[in-house]
Structures are given as C-alpha cells and as structure tokens.
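Colleague: PDB, C-alpha atoms, file model17.pdb:
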```pdb
MODEL        1
ATOM      1  CA  MET F   1      17.583  27.326   9.811
ATOM      2  CA  LYS F   2      18.261  26.632   6.147
ATOM      3  CA  MET F   3      17.387  23.158   4.839
ATOM      4  CA  ILE F   4      20.474  21.085   4.029
ATOM      5  CA  LYS F   5      20.873  18.117   1.720
ATOM      6  CA  PRO F   6      23.021  15.426   3.367
ATOM      7  CA  MET F   7      26.544  14.651   2.238
ATOM      8  CA  GLU F   8      26.540  11.167   0.729
ATOM      9  CA  PRO F   9      29.435   8.688   0.490
ATOM     10  CA  ILE F  10      30.507   7.366  -2.901
ATOM     11  CA  LEU F  11      30.514   3.587  -3.433
ATOM     12  CA  SER F  12      34.028   2.138  -3.553
ATOM     13  CA  SER F  13      35.087  -1.441  -4.290
ATOM     14  CA  LYS F  14      38.055  -1.177  -1.902
ATOM     15  CA  VAL F  15      38.788   0.492   1.394
ATOM     16  CA  VAL F  16      40.456   3.895   1.226
ATOM     17  CA  ASN F  17      43.252   3.279   3.699
ATOM     18  CA  GLU F  18      45.225   6.519   3.360
ATOM     19  CA  GLU F  19      46.481   8.140   6.554
ATOM     20  CA  GLU F  20      44.126  11.127   6.387
ATOM     21  CA  TYR F  21      41.039   8.893   6.456
ATOM     22  CA  ILE F  22      39.012   7.691   9.411
ATOM     23  CA  HIS F  23      36.530   4.834   9.192
ATOM     24  CA  GLN F  24      33.071   4.359  10.682
ATOM     25  CA  ILE F  25      30.435   1.632  10.727
ATOM     26  CA  LYS F  26      27.904   1.926   7.912
ATOM     27  CA  TRP F  27      24.652   1.818   9.838
ATOM     28  CA  ASP F  28      21.867   0.113   7.931
ATOM     29  CA  GLY F  29      18.919   2.423   8.541
ATOM     30  CA  ILE F  30      17.197   5.657   7.504
ATOM     31  CA  ARG F  31      19.245   8.850   7.178
ATOM     32  CA  GLY F  32      17.899  11.618   9.367
ATOM     33  CA  LEU F  33      18.905  15.283   9.794
ATOM     34  CA  THR F  34      17.649  16.875  13.007
ATOM     35  CA  TYR F  35      17.052  20.619  13.370
ATOM     36  CA  ILE F  36      16.978  21.766  16.993
ATOM     37  CA  ASP F  37      15.933  25.292  17.987
ATOM     38  CA  ASN F  38      15.515  25.676  21.749
ATOM     39  CA  ASP F  39      13.013  22.934  22.661
ATOM     40  CA  ILE F  40      11.691  22.486  19.116
ATOM     41  CA  ILE F  41      12.980  19.401  17.275
ATOM     42  CA  ARG F  42      12.341  18.734  13.597
ATOM     43  CA  LEU F  43      13.495  15.585  11.816
ATOM     44  CA  TYR F  44      13.896  15.340   8.044
ATOM     45  CA  THR F  45      14.770  12.349   5.870
ATOM     46  CA  LYS F  46      17.393  12.374   3.128
ATOM     47  CA  LYS F  47      14.730  13.410   0.617
ATOM     48  CA  GLY F  48      13.602  16.311   2.777
ATOM     49  CA  HIS F  49      10.375  14.832   4.174
ATOM     50  CA  GLU F  50       9.563  15.914   7.718
ATOM     51  CA  ARG F  51       9.008  12.907  10.006
ATOM     52  CA  THR F  52       9.250  14.526  13.453
ATOM     53  CA  GLU F  53       5.983  13.235  14.919
ATOM     54  CA  PHE F  54       6.655   9.685  13.752
ATOM     55  CA  TYR F  55       9.861   9.307  15.786
ATOM     56  CA  PRO F  56       8.954  10.399  19.342
ATOM     57  CA  GLU F  57      12.172   8.777  20.647
ATOM     58  CA  LEU F  58      14.095  11.845  19.426
ATOM     59  CA  LYS F  59      12.399  14.090  22.005
ATOM     60  CA  GLU F  60      15.083  12.852  24.375
ATOM     61  CA  LEU F  61      17.532  15.152  22.580
ATOM     62  CA  ASN F  62      16.105  18.059  24.587
ATOM     63  CA  THR F  63      17.659  16.573  27.736
ATOM     64  CA  LEU F  64      20.944  15.618  26.044
ATOM     65  CA  MET F  65      21.872  18.819  24.211
ATOM     66  CA  GLN F  66      24.449  21.200  25.699
ATOM     67  CA  THR F  67      23.403  24.020  23.352
ATOM     68  CA  ARG F  68      20.264  25.912  22.351
ATOM     69  CA  SER F  69      20.276  25.191  18.625
ATOM     70  CA  ALA F  70      22.019  22.778  16.273
ATOM     71  CA  ILE F  71      21.699  20.690  13.123
ATOM     72  CA  LEU F  72      22.697  17.051  13.580
ATOM     73  CA  ASP F  73      23.269  14.334  10.986
ATOM     74  CA  GLY F  74      22.803  10.659  11.721
ATOM     75  CA  GLU F  75      21.084   7.358  11.025
ATOM     76  CA  LEU F  76      17.832   6.009  12.464
ATOM     77  CA  ILE F  77      18.297   2.291  13.043
ATOM     78  CA  ILE F  78      16.296  -0.597  14.495
ATOM     79  CA  LEU F  79      17.982  -3.681  15.916
ATOM     80  CA  ASN F  80      16.633  -7.140  15.126
ATOM     81  CA  ASP F  81      16.507 -10.140  17.482
ATOM     82  CA  GLU F  82      20.202 -10.745  16.793
ATOM     83  CA  MET F  83      20.974  -7.130  17.851
ATOM     84  CA  ARG F  84      21.999  -6.176  14.316
ATOM     85  CA  PRO F  85      20.678  -3.123  12.445
ATOM     86  CA  SER F  86      17.837  -4.240  10.162
ATOM     87  CA  PHE F  87      16.972  -2.098   7.164
ATOM     88  CA  ASN F  88      13.690  -3.953   6.727
ATOM     89  CA  LEU F  89      12.594  -3.135  10.270
ATOM     90  CA  SER F  90      13.622   0.484   9.686
ATOM     91  CA  LEU F  91      11.361   0.521   6.633
ATOM     92  CA  TYR F  92       8.445  -0.729   8.751
ATOM     93  CA  ARG F  93       8.824   2.330  10.968
ATOM     94  CA  GLU F  94       9.439   4.725   8.095
ATOM     95  CA  ARG F  95       6.312   3.564   6.268
ATOM     96  CA  VAL F  96       4.027   4.353   9.204
ATOM     97  CA  ARG F  97       1.700   7.160   8.108
ATOM     98  CA  THR F  98      -1.077   6.935  10.728
ATOM     99  CA  LYS F  99      -0.351   8.952  13.865
ATOM    100  CA  SER F 100      -2.584   6.742  16.015
ATOM    101  CA  LYS F 101      -0.206   3.810  15.356
ATOM    102  CA  ILE F 102       2.982   5.615  16.412
ATOM    103  CA  SER F 103       2.909   4.440  20.036
ATOM    104  CA  TYR F 104       2.488   0.805  18.977
ATOM    105  CA  TYR F 105       5.398   0.907  16.511
ATOM    106  CA  ALA F 106       7.626   2.856  18.921
ATOM    107  CA  ILE F 107       7.245  -0.027  21.391
ATOM    108  CA  LYS F 108       7.466  -2.873  18.830
ATOM    109  CA  TYR F 109      10.290  -1.351  16.744
ATOM    110  CA  PRO F 110      12.117   1.207  18.938
ATOM    111  CA  VAL F 111      14.525   3.476  17.081
ATOM    112  CA  LYS F 112      18.111   4.267  17.971
ATOM    113  CA  TYR F 113      19.605   7.468  16.574
ATOM    114  CA  ILE F 114      23.298   7.115  15.681
ATOM    115  CA  LEU F 115      24.887  10.565  15.199
ATOM    116  CA  PHE F 116      27.997  11.151  13.123
ATOM    117  CA  ASP F 117      28.091  14.882  12.274
ATOM    118  CA  ILE F 118      27.062  18.349  13.429
ATOM    119  CA  LEU F 119      26.530  21.105  10.847
ATOM    120  CA  TYR F 120      25.345  24.111  12.864
ATOM    121  CA  ILE F 121      25.619  25.139  16.507
ATOM    122  CA  ASP F 122      23.945  28.235  17.985
ATOM    123  CA  GLY F 123      23.744  29.884  14.575
ATOM    124  CA  LYS F 124      27.363  29.104  13.623
ATOM    125  CA  ASP F 125      27.815  27.234  10.326
ATOM    126  CA  LEU F 126      30.274  24.356  10.868
ATOM    127  CA  ARG F 127      30.194  22.891   7.369
ATOM    128  CA  ASP F 128      33.574  24.395   6.415
ATOM    129  CA  TYR F 129      35.204  23.050   9.574
ATOM    130  CA  PRO F 130      37.342  19.901   9.151
ATOM    131  CA  LEU F 131      35.437  16.692   9.899
ATOM    132  CA  GLU F 132      37.628  15.867  12.917
ATOM    133  CA  GLU F 133      36.790  19.226  14.482
ATOM    134  CA  ARG F 134      33.077  18.762  13.802
ATOM    135  CA  ILE F 135      33.186  15.324  15.467
ATOM    136  CA  SER F 136      34.929  16.853  18.493
ATOM    137  CA  ILE F 137      32.233  19.540  18.745
ATOM    138  CA  LEU F 138      29.532  16.872  18.379
ATOM    139  CA  ASN F 139      30.929  14.887  21.301
ATOM    140  CA  LYS F 140      31.011  18.018  23.483
ATOM    141  CA  THR F 141      27.490  19.040  22.425
ATOM    142  CA  VAL F 142      25.453  15.847  22.815
ATOM    143  CA  LYS F 143      25.386  13.565  25.839
ATOM    144  CA  LYS F 144      25.045   9.903  24.914
ATOM    145  CA  SER F 145      22.113   7.791  26.067
ATOM    146  CA  ARG F 146      20.837   4.276  25.471
ATOM    147  CA  ASN F 147      18.915   5.296  22.343
ATOM    148  CA  ILE F 148      20.863   8.325  21.122
ATOM    149  CA  THR F 149      24.603   7.972  20.686
ATOM    150  CA  ILE F 150      27.584   8.982  18.556
ATOM    151  CA  THR F 151      29.337   6.575  16.218
ATOM    152  CA  ASP F 152      33.001   5.727  16.848
ATOM    153  CA  SER F 153      35.824   6.387  14.391
ATOM    154  CA  PHE F 154      38.670   3.981  13.631
ATOM    155  CA  ASP F 155      42.059   4.405  11.956
ATOM    156  CA  ASN F 156      42.298   0.979  10.267
ATOM    157  CA  GLY F 157      39.586   0.510   7.639
ATOM    158  CA  GLU F 158      40.572  -3.020   6.616
ATOM    159  CA  GLN F 159      40.325  -4.274  10.201
ATOM    160  CA  LEU F 160      36.960  -2.573  10.664
ATOM    161  CA  LEU F 161      35.647  -4.093   7.436
ATOM    162  CA  GLU F 162      36.709  -7.583   8.539
ATOM    163  CA  LEU F 163      34.970  -7.044  11.865
ATOM    164  CA  MET F 164      31.805  -5.948  10.050
ATOM    165  CA  LYS F 165      31.951  -9.134   7.954
ATOM    166  CA  GLN F 166      32.127 -11.211  11.131
ATOM    167  CA  LYS F 167      29.192  -9.315  12.644
ATOM    168  CA  ASN F 168      27.202  -9.507   9.397
ATOM    169  CA  TYR F 169      26.854  -5.703   9.128
ATOM    170  CA  GLU F 170      26.388  -3.725   5.925
ATOM    171  CA  GLY F 171      29.892  -2.271   5.576
ATOM    172  CA  ILE F 172      31.955   0.804   6.455
ATOM    173  CA  VAL F 173      32.233   4.474   5.520
ATOM    174  CA  SER F 174      35.692   6.008   5.047
ATOM    175  CA  LYS F 175      35.943   9.789   5.503
ATOM    176  CA  ASN F 176      38.737  12.290   4.990
ATOM    177  CA  ARG F 177      39.373  13.650   8.469
ATOM    178  CA  TYR F 178      39.930  17.141   7.013
ATOM    179  CA  SER F 179      36.855  17.161   4.765
ATOM    180  CA  LYS F 180      34.239  19.900   4.676
ATOM    181  CA  TYR F 181      30.540  18.986   4.655
ATOM    182  CA  ILE F 182      29.484  19.124   0.995
ATOM    183  CA  GLU F 183      25.897  18.365   0.000
ATOM    184  CA  GLY F 184      25.279  15.324  -2.215
ATOM    185  CA  LYS F 185      28.077  13.413  -3.939
ATOM    186  CA  LYS F 186      30.029  16.215  -5.605
ATOM    187  CA  HIS F 187      33.156  15.528  -3.585
ATOM    188  CA  ASN F 188      36.032  13.083  -3.262
ATOM    189  CA  ASP F 189      36.139  12.770   0.514
ATOM    190  CA  TRP F 190      33.614  10.179   1.751
ATOM    191  CA  PHE F 191      33.471   6.599   0.464
ATOM    192  CA  LYS F 192      31.378   3.563   1.396
ATOM    193  CA  THR F 193      32.475  -0.041   1.070
ATOM    194  CA  LYS F 194      29.553  -2.458   1.236
ATOM    195  CA  ILE F 195      29.750  -6.091   2.237
ATOM    196  CA  PHE F 196      27.868  -8.199  -0.278
ATOM    197  CA  LYS F 197      26.964 -11.842  -0.239
ATOM    198  CA  LYS F 198      26.606 -14.091  -3.239
ATOM    199  CA  MET F 199      25.131 -17.503  -3.868
ATOM    200  CA  LEU F 200      24.439 -19.904  -6.682
ATOM    201  CA  ALA F 201      20.779 -19.758  -7.711
ATOM    202  CA  LEU F 202      18.441 -21.527 -10.123
ATOM    203  CA  VAL F 203      16.867 -19.543 -12.955
ATOM    204  CA  CYS F 204      13.245 -20.651 -12.605
ATOM    205  CA  GLY F 205      11.360 -18.096 -14.642
ATOM    206  CA  ILE F 206      11.329 -14.910 -16.697
ATOM    207  CA  LYS F 207       9.231 -11.838 -15.956
ATOM    208  CA  PHE F 208       8.348  -9.850 -19.086
ATOM    209  CA  ASN F 209       7.370  -6.235 -19.624
ATOM    210  CA  ASN F 210       5.893  -5.705 -23.110
ATOM    211  CA  LYS F 211       7.785  -8.740 -24.476
ATOM    212  CA  THR F 212      11.039  -7.445 -22.987
ATOM    213  CA  VAL F 213      12.814  -9.382 -20.252
ATOM    214  CA  LYS F 214      12.413  -7.398 -17.048
ATOM    215  CA  SER F 215      13.931  -9.821 -14.528
ATOM    216  CA  LEU F 216      14.607 -13.469 -13.755
ATOM    217  CA  LEU F 217      12.863 -15.457 -11.018
ATOM    218  CA  LEU F 218      15.418 -17.161  -8.808
ATOM    219  CA  GLY F 219      15.253 -20.166  -6.525
ATOM    220  CA  ILE F 220      17.366 -22.533  -4.460
ATOM    221  CA  TYR F 221      16.936 -26.125  -3.358
ATOM    222  CA  SER F 222      15.666 -26.838   0.131
ATOM    223  CA  GLY F 223      15.776 -30.616   0.305
ATOM    224  CA  ASP F 224      13.947 -31.827  -2.805
ATOM    225  CA  SER F 225      11.862 -28.637  -3.093
ATOM    226  CA  ILE F 226      12.714 -25.337  -4.774
ATOM    227  CA  ILE F 227      11.985 -22.180  -2.811
ATOM    228  CA  TYR F 228      11.592 -18.731  -4.337
ATOM    229  CA  ILE F 229      14.250 -16.199  -3.286
ATOM    230  CA  GLY F 230      13.312 -13.199  -5.433
ATOM    231  CA  ASN F 231      13.502 -11.500  -8.808
ATOM    232  CA  ALA F 232      16.732 -10.014 -10.124
ATOM    233  CA  ASN F 233      18.387  -8.525 -13.163
ATOM    234  CA  GLY F 234      21.955  -7.410 -13.589
ATOM    235  CA  SER F 235      25.111  -8.037 -15.568
ATOM    236  CA  LEU F 236      23.710 -10.331 -18.258
ATOM    237  CA  THR F 237      25.149  -9.721 -21.705
ATOM    238  CA  GLN F 238      23.136  -9.594 -24.920
ATOM    239  CA  LYS F 239      24.636 -12.996 -25.733
ATOM    240  CA  ASP F 240      23.305 -14.372 -22.407
ATOM    241  CA  MET F 241      19.815 -13.054 -23.133
ATOM    242  CA  TYR F 242      19.904 -14.312 -26.725
ATOM    243  CA  LEU F 243      20.810 -17.848 -25.581
ATOM    244  CA  LEU F 244      18.083 -17.747 -22.936
ATOM    245  CA  MET F 245      15.393 -16.639 -25.367
ATOM    246  CA  GLU F 246      16.610 -18.976 -28.129
ATOM    247  CA  ASN F 247      16.089 -21.978 -25.830
ATOM    248  CA  ILE F 248      12.985 -20.797 -23.995
ATOM    249  CA  ASN F 249      10.683 -23.309 -25.703
ATOM    250  CA  VAL F 250      12.984 -26.188 -24.765
ATOM    251  CA  ILE F 251      13.302 -25.280 -21.081
ATOM    252  CA  ARG F 252       9.841 -23.797 -20.580
ATOM    253  CA  SER F 253       7.711 -25.295 -17.807
ATOM    254  CA  TYR F 254       3.926 -25.056 -17.737
ATOM    255  CA  GLU F 255       3.957 -25.545 -13.984
ATOM    256  CA  SER F 256       5.721 -23.476 -11.367
ATOM    257  CA  PRO F 257       8.925 -25.149 -10.123
ATOM    258  CA  PHE F 258       8.535 -23.345  -6.788
ATOM    259  CA  ILE F 259       6.960 -24.797  -3.687
ATOM    260  CA  ASP F 260       5.841 -21.207  -2.955
ATOM    261  CA  VAL F 261       2.813 -19.604  -4.599
ATOM    262  CA  ILE F 262       3.965 -16.904  -7.050
ATOM    263  CA  LYS F 263       1.325 -14.276  -7.781
ATOM    264  CA  GLU F 264       3.219 -12.122 -10.297
ATOM    265  CA  LYS F 265       1.902 -11.597 -13.829
ATOM    266  CA  ASP F 266       3.585 -11.887 -17.240
ATOM    267  CA  ILE F 267       5.770 -14.801 -16.160
ATOM    268  CA  VAL F 268       7.150 -17.743 -18.110
ATOM    269  CA  PHE F 269       8.296 -20.506 -15.776
ATOM    270  CA  LEU F 270      11.404 -22.513 -16.644
ATOM    271  CA  LYS F 271      12.696 -25.956 -15.794
ATOM    272  CA  PRO F 272      15.419 -25.632 -13.111
ATOM    273  CA  VAL F 273      18.336 -26.445 -15.401
ATOM    274  CA  ILE F 274      20.186 -23.077 -15.557
ATOM    275  CA  THR F 275      22.218 -21.630 -12.684
ATOM    276  CA  CYS F 276      23.548 -18.126 -12.095
ATOM    277  CA  TRP F 277      25.536 -16.256  -9.458
ATOM    278  CA  VAL F 278      23.557 -13.574  -7.643
ATOM    279  CA  SER F 279      24.839 -10.950  -5.207
ATOM    280  CA  PHE F 280      22.727  -9.500  -2.391
ATOM    281  CA  LEU F 281      22.988  -7.608   0.900
ATOM    282  CA  GLU F 282      20.919  -9.786   3.210
ATOM    283  CA  TRP F 283      17.749 -11.823   3.567
ATOM    284  CA  THR F 284      14.484  -9.953   4.092
ATOM    285  CA  ASN F 285      11.853 -10.989   6.616
ATOM    286  CA  ASN F 286       9.907 -12.498   3.684
ATOM    287  CA  ASN F 287      12.807 -14.898   2.969
ATOM    288  CA  THR F 288      13.784 -13.186  -0.268
ATOM    289  CA  LEU F 289      17.065 -11.475  -1.149
ATOM    290  CA  ARG F 290      17.545  -7.766  -0.501
ATOM    291  CA  GLN F 291      19.017  -5.901  -3.490
ATOM    292  CA  PRO F 292      19.676  -9.035  -5.584
ATOM    293  CA  HIS F 293      21.873  -8.527  -8.639
ATOM    294  CA  ILE F 294      22.735 -11.217 -11.149
ATOM    295  CA  ILE F 295      26.495 -11.428 -11.656
ATOM    296  CA  GLY F 296      26.299 -13.881 -14.545
ATOM    297  CA  PHE F 297      25.258 -17.359 -15.662
ATOM    298  CA  SER F 298      27.149 -20.343 -14.254
ATOM    299  CA  LYS F 299      28.178 -23.797 -15.447
ATOM    300  CA  GLU F 300      27.620 -25.243 -11.967
ATOM    301  CA  LYS F 301      25.105 -28.086 -11.635
ATOM    302  CA  PRO F 302      21.590 -27.127 -10.467
ATOM    303  CA  THR F 303      21.915 -29.400  -7.419
ATOM    304  CA  LYS F 304      24.684 -27.108  -6.122
ATOM    305  CA  ALA F 305      22.204 -24.230  -5.787
ATOM    306  CA  ASN F 306      21.603 -25.139  -2.156
ATOM    307  CA  GLY F 307      21.722 -21.731  -0.467
ATOM    308  CA  LYS F 308      25.418 -21.664   0.490
ATOM    309  CA  GLU F 309      26.546 -18.054   0.973
ATOM    310  CA  TYR F 310      29.876 -16.403   0.137
ATOM    311  CA  THR F 311      30.963 -12.872   1.137
ATOM    312  CA  TYR F 312      32.878 -10.196  -0.755
ATOM    313  CA  HIS F 313      32.988  -6.406  -0.691
ATOM    314  CA  GLY F 314      32.435  -3.851  -3.398
TER     315      GLY F 314
ENDMDL
END
```
So, in terms of structure tokens, how does the structure I just supplied come out?

Modeller:
Amino acid sequence: MKMIKPMEPILSSKVVNEEEYIHQIKWDGIRGLTYIDNDIIRLYTKKGHERTEFYPELKELNTLMQTRSAILDGELIILNDEMRPSFNLSLYRERVRTKSKISYYAIKYPVKYILFDILYIDGKDLRDYPLEERISILNKTVKKSRNITITDSFDNGEQLLELMKQKNYEGIVSKNRYSKYIEGKKHNDWFKTKIFKKMLALVCGIKFNNKTVKSLLLGIYSGDSIIYIGNANGSLTQKDMYLLMENINVIRSYESPFIDVIKEKDIVFLKPVITCWVSFLEWTNNNTLRQPHIIGFSKEKPTKANGKEYTYHG
C-alpha cells in the first residue's frame, strides 16, 4: 500500500461552528497511521518513521478488524494518574529505541490507540469519500476494545470546548463532515482550537546565543522562594528588548534567584523585578511549562507572580 502523509488540522483561534462541521476531542499524543494487510500490521508516525515493534499493543487489531486490509489514522495516547492524555508520557514511549525495553514500557506506560479515520479498505481508496461516510465505514470495520477505540463526534463545538476546559484537555478538532482526506495542510476543512493557559511570571535571566537574546528564564514565587518554570521567547517587541538590554547592568544579579540549580550556559541572571505574561499548554513532569510563549511584559508587581493560572483558547 502506498505511503500516505496525514491530513493535519489548521490552528484556529475560534471554533468553526458552521452546520457542516463536526467536532472531536484533540487527543494529546503521537499521530499514528496503521497499515494492515491480512495479519501484518505496520505503524508509521506522522514523519513516516516505522514504529511497529515498539507498540505491541496494536497487535490486538488483528482480532478487531472486520476486513483483510485497511489503512487507519489515529492517535497513540497514554493516560496519566488523573486519567488524562499526557503528551510527556507519550514522548517517553516514543523515545524508546531499545527493543529489550519494550515489554517494560508497555506495562509502565500502556498505549491506547484512538482512531478517527479510515483511508483504504480491501484495496479501495476512501480518501475522496466524505468524512462522515469514512467514519461510518470505520465504525463498521473496527470493533472497539479497552485499548483500541474510535473517537466520538459532536455537533456543538463550543460546548465540547468548554467541556475540554473543565477536563483540562488540549482542545478540539473541527472537521467539515463532507471533506475529502487531503495530505498535509493544503485544505480549508479541518481546524484545531487549542486550550492554552497563561500565568504571570518573573523574568529571572537571559539566555544568549552569540550575544543575541535567545530566550528568557522564567520563575514564580513559591512562598519566599523562586522556582524555575522554564525558558521562553515570544511576542516581545524590539522596544521591549531594547529596554531590557538598556537596563541589564542595573537589574543584573551575580547569583541565581532560583532555588533550583540551573545548569544552562551563556546566562545572565536578573533580579526578580520584571514580570511578563506567558502562555503554555500544561506542566511537564519536570515542573516546567510545556510550549511556553511570552505574550508580553507586564506592569504587575513581582509578588503577584505566584503561579495562578488562567485559561483561554487560540
């Protein structure tokens, strides 16, 4: 079967709530296309890397399929202790490269495969079929199990997004119910709306790359101590950077303001007197922010950088 590049949703700051759209949970995991030919299963990531042997859980598909051959599209997810999909745990599994460790990781971080599309069935190309018809075929083709299932579709995107905010999920994907399956992002049919968080943070240092500002080191107060929450760059204007560099000698600190040990090089530490707003998706297992992005400097007092979180979507 011919290798296929997955269709990818386009980031949207608002939910596409037109009547011809359905809405699905955005599962926070690793994209995986599965090629099934009789009893042979091959799994490929979004970038086309074969990972079949590293996800033995997918062998169960042989007992669930109602057809001899197919190409399925879905997401490999791992649930954390709170039963939420965790991208960081998914990365732990995806980074396994030693076959002798597969059994250990399959037990410690078991994968669930969430299907949402079918592209081929018994040699028939379904990519020009409307999405709704493909979903119907998918539901008739694959039996659901505890670890392999099919995502649900909803008519009201705004309600689904609010529910995802309450559950602390990543967001939703809105799809034209009549859309064909088009590789990549050269389409106007699938959109993703992510749920971001933001918080007030302290600017506690600057990381340089050849005398150019690469990122800012961020922290928040935990009691009387400042804890490190990650490096970020983002929407800082040239004026912002000019003011920062113009005052660097005044606010420079020759000791780290963090209670944590920071091992990065080419850093100038700063006194915790400047605050900024930073957006992020979630906390990592290392207690830093995932995908932090600086929105802009703030006039809020440093003492207000206490870790309080706010949500918004974009």

Colleague: Would you mind reading off the distance between CA of Tyr242 (chain F) and CA of Lys308 (chain F), one decimal, in Å?

Modeller: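 Result for CA of Tyr242 (chain F) versus CA of Lys308 (chain F): 28.7 Å, one decimal.
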
Colleague: To test your reading of the syntax: which residues would the PyMOL selection byres ((chain F and resi 226) around 10) return for the file shown? Reply as a PyMOL selection string.

Modeller: chain F and resi 202+204+218-225+227-229+256-260+272+305-306

Colleague: Which neighbours of Phe196 (chain F) fall inside 10 Å, counting only C-alpha atoms, when residues of the same chain fewer than 5 positions from it are skipped, and could you give them as a CSV table (one decimal) with C-alpha atoms, in the frame of the given file?

Modeller:
```csv
chain,number,residue,atom,x,y,z
F,165,LYS,CA,32.0,-9.1,8.0
F,168,ASN,CA,27.2,-9.5,9.4
F,169,TYR,CA,26.9,-5.7,9.1
F,170,GLU,CA,26.4,-3.7,5.9
F,171,GLY,CA,29.9,-2.3,5.6
F,279,SER,CA,24.8,-11.0,-5.2
F,280,PHE,CA,22.7,-9.5,-2.4
F,281,LEU,CA,23.0,-7.6,0.9
F,282,GLU,CA,20.9,-9.8,3.2
F,291,GLN,CA,19.0,-5.9,-3.5
F,292,PRO,CA,19.7,-9.0,-5.6
F,310,TYR,CA,29.9,-16.4,0.1
F,311,THR,CA,31.0,-12.9,1.1
F,312,TYR,CA,32.9,-10.2,-0.8
F,313,HIS,CA,33.0,-6.4,-0.7
F,314,GLY,CA,32.4,-3.9,-3.4
```

Colleague: Using all atoms listed in the file, pick whichever of F:Phe208, F:Tyr104, F:Tyr35, F:Trp190 has the shortest atom-to-atom distance to Ile71 (chain F).

Modeller: F:Tyr35

Colleague: Evaluate the PyMOL selection byres ((chain F and resi 2-11) around 8) here and jot the selected residues down as a ChimeraX atom specification.

Modeller: /F:1,12-13,33,46-48,73,173,181-185,188-194,314

Colleague: Produce a file of the selected residues containing C-alpha atoms, as a CSV table (one decimal), in the frame of the given file.

Modeller:
```csv
chain,number,residue,atom,x,y,z
F,1,MET,CA,17.6,27.3,9.8
F,12,SER,CA,34.0,2.1,-3.6
F,13,SER,CA,35.1,-1.4,-4.3
F,33,LEU,CA,18.9,15.3,9.8
F,46,LYS,CA,17.4,12.4,3.1
F,47,LYS,CA,14.7,13.4,0.6
F,48,GLY,CA,13.6,16.3,2.8
F,73,ASP,CA,23.3,14.3,11.0
F,173,VAL,CA,32.2,4.5,5.5
F,181,TYR,CA,30.5,19.0,4.7
F,182,ILE,CA,29.5,19.1,1.0
F,183,GLU,CA,25.9,18.4,0.0
F,184,GLY,CA,25.3,15.3,-2.2
F,185,LYS,CA,28.1,13.4,-3.9
F,188,ASN,CA,36.0,13.1,-3.3
F,189,ASP,CA,36.1,12.8,0.5
F,190,TRP,CA,33.6,10.2,1.8
F,191,PHE,CA,33.5,6.6,0.5
F,192,LYS,CA,31.4,3.6,1.4
F,193,THR,CA,32.5,0.0,1.1
F,194,LYS,CA,29.6,-2.5,1.2
F,314,GLY,CA,32.4,-3.9,-3.4
```

Colleague: Name the residues that the PyMOL selection byres ((chain F and resi 79) around 10) picks from the file above, as an MDAnalysis selection string, using the file's chain letters and numbers.

Modeller: chainID F and resid 28:29 77:78 80:87 89:90 109:112

Colleague: Name the closest residue to Asn285 (chain F) among the candidates F:Phe116, F:Tyr55, F:Trp27, F:Tyr92; distances are taken between atoms, counting all atoms listed in the file.

Modeller: F:Tyr92

Colleague: Can you work out the spacing between CA of Gly123 (chain F) and CA of Ser179 (chain F) in Å, to one decimal?

Modeller: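 CA of Ser179 (chain F) lies at a distance of 20.7 Å from CA of Gly123 (chain F).
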
Colleague: Within 8 Å of Leu236 (chain F), counting all atoms listed in the file, which residues qualify if same-chain residues fewer than 4 places away don't, as an MDAnalysis selection string?

Modeller: chainID F and resid 240:241 294:297

Colleague: Write out, as a JSON list (two decimals), in the coordinates of the input, the residues just selected, with C-alpha atoms.

Modeller:
```
[["chain", "number", "residue", "atom", "x", "y", "z"],
["F", 240, "ASP", "CA", 23.30, -14.37, -22.41],
["F", 241, "MET", "CA", 19.82, -13.05, -23.13],
["F", 294, "ILE", "CA", 22.74, -11.22, -11.15],
["F", 295, "ILE", "CA", 26.50, -11.43, -11.66],
["F", 296, "GLY", "CA", 26.30, -13.88, -14.54],
["F", 297, "PHE", "CA", 25.26, -17.36, -15.66]]
```

Colleague: So what do you get for CA of Thr67 (chain F) versus CA of Val142 (chain F), distance-wise?

Modeller: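 Separation of CA of Thr67 (chain F) and CA of Val142 (chain F): 8.4 Å.
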
Colleague: For Lys101 (chain F), work out the shell of residues within 10 Å, counting all atoms listed in the file and skipping chain neighbours fewer than 5 positions away, then give it as a PyMOL selection string.

Modeller: chain F and resi 54+96+106

Colleague: Nearest to Thr149 (chain F): which of F:Ile172, F:Leu64, F:Leu119, F:Met199 is it, counting all atoms listed in the file?

Modeller: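 Nearest to Thr149 (chain F): F:Leu64.
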
Colleague: Determine the nearest neighbour of Lys299 (chain F) from the options F:Lys239, F:Cys276, F:Glu53, F:Gly157, counting all atoms listed in the file.

Modeller: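 Among the listed residues, the smallest separation from Lys299 (chain F) belongs to F:Cys276.
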
Colleague: Looking at all atoms listed in the file, which of F:Glu246, F:Glu300, F:Glu133, F:Glu18 is the one that sits closest to Ala201 (chain F)?

Modeller: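 Between F:Glu246, F:Glu300, F:Glu133, F:Glu18, the residue approaching Ala201 (chain F) most closely is F:Glu300.
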
Colleague: So which residues are close to (1.7, -13.5, -18.8), meaning at most 12 Å away in the file's coordinates with all atoms listed in the file counted, and can you show them as an MDAnalysis selection string?

Modeller: chainID F and resid 205:213 254 263:269
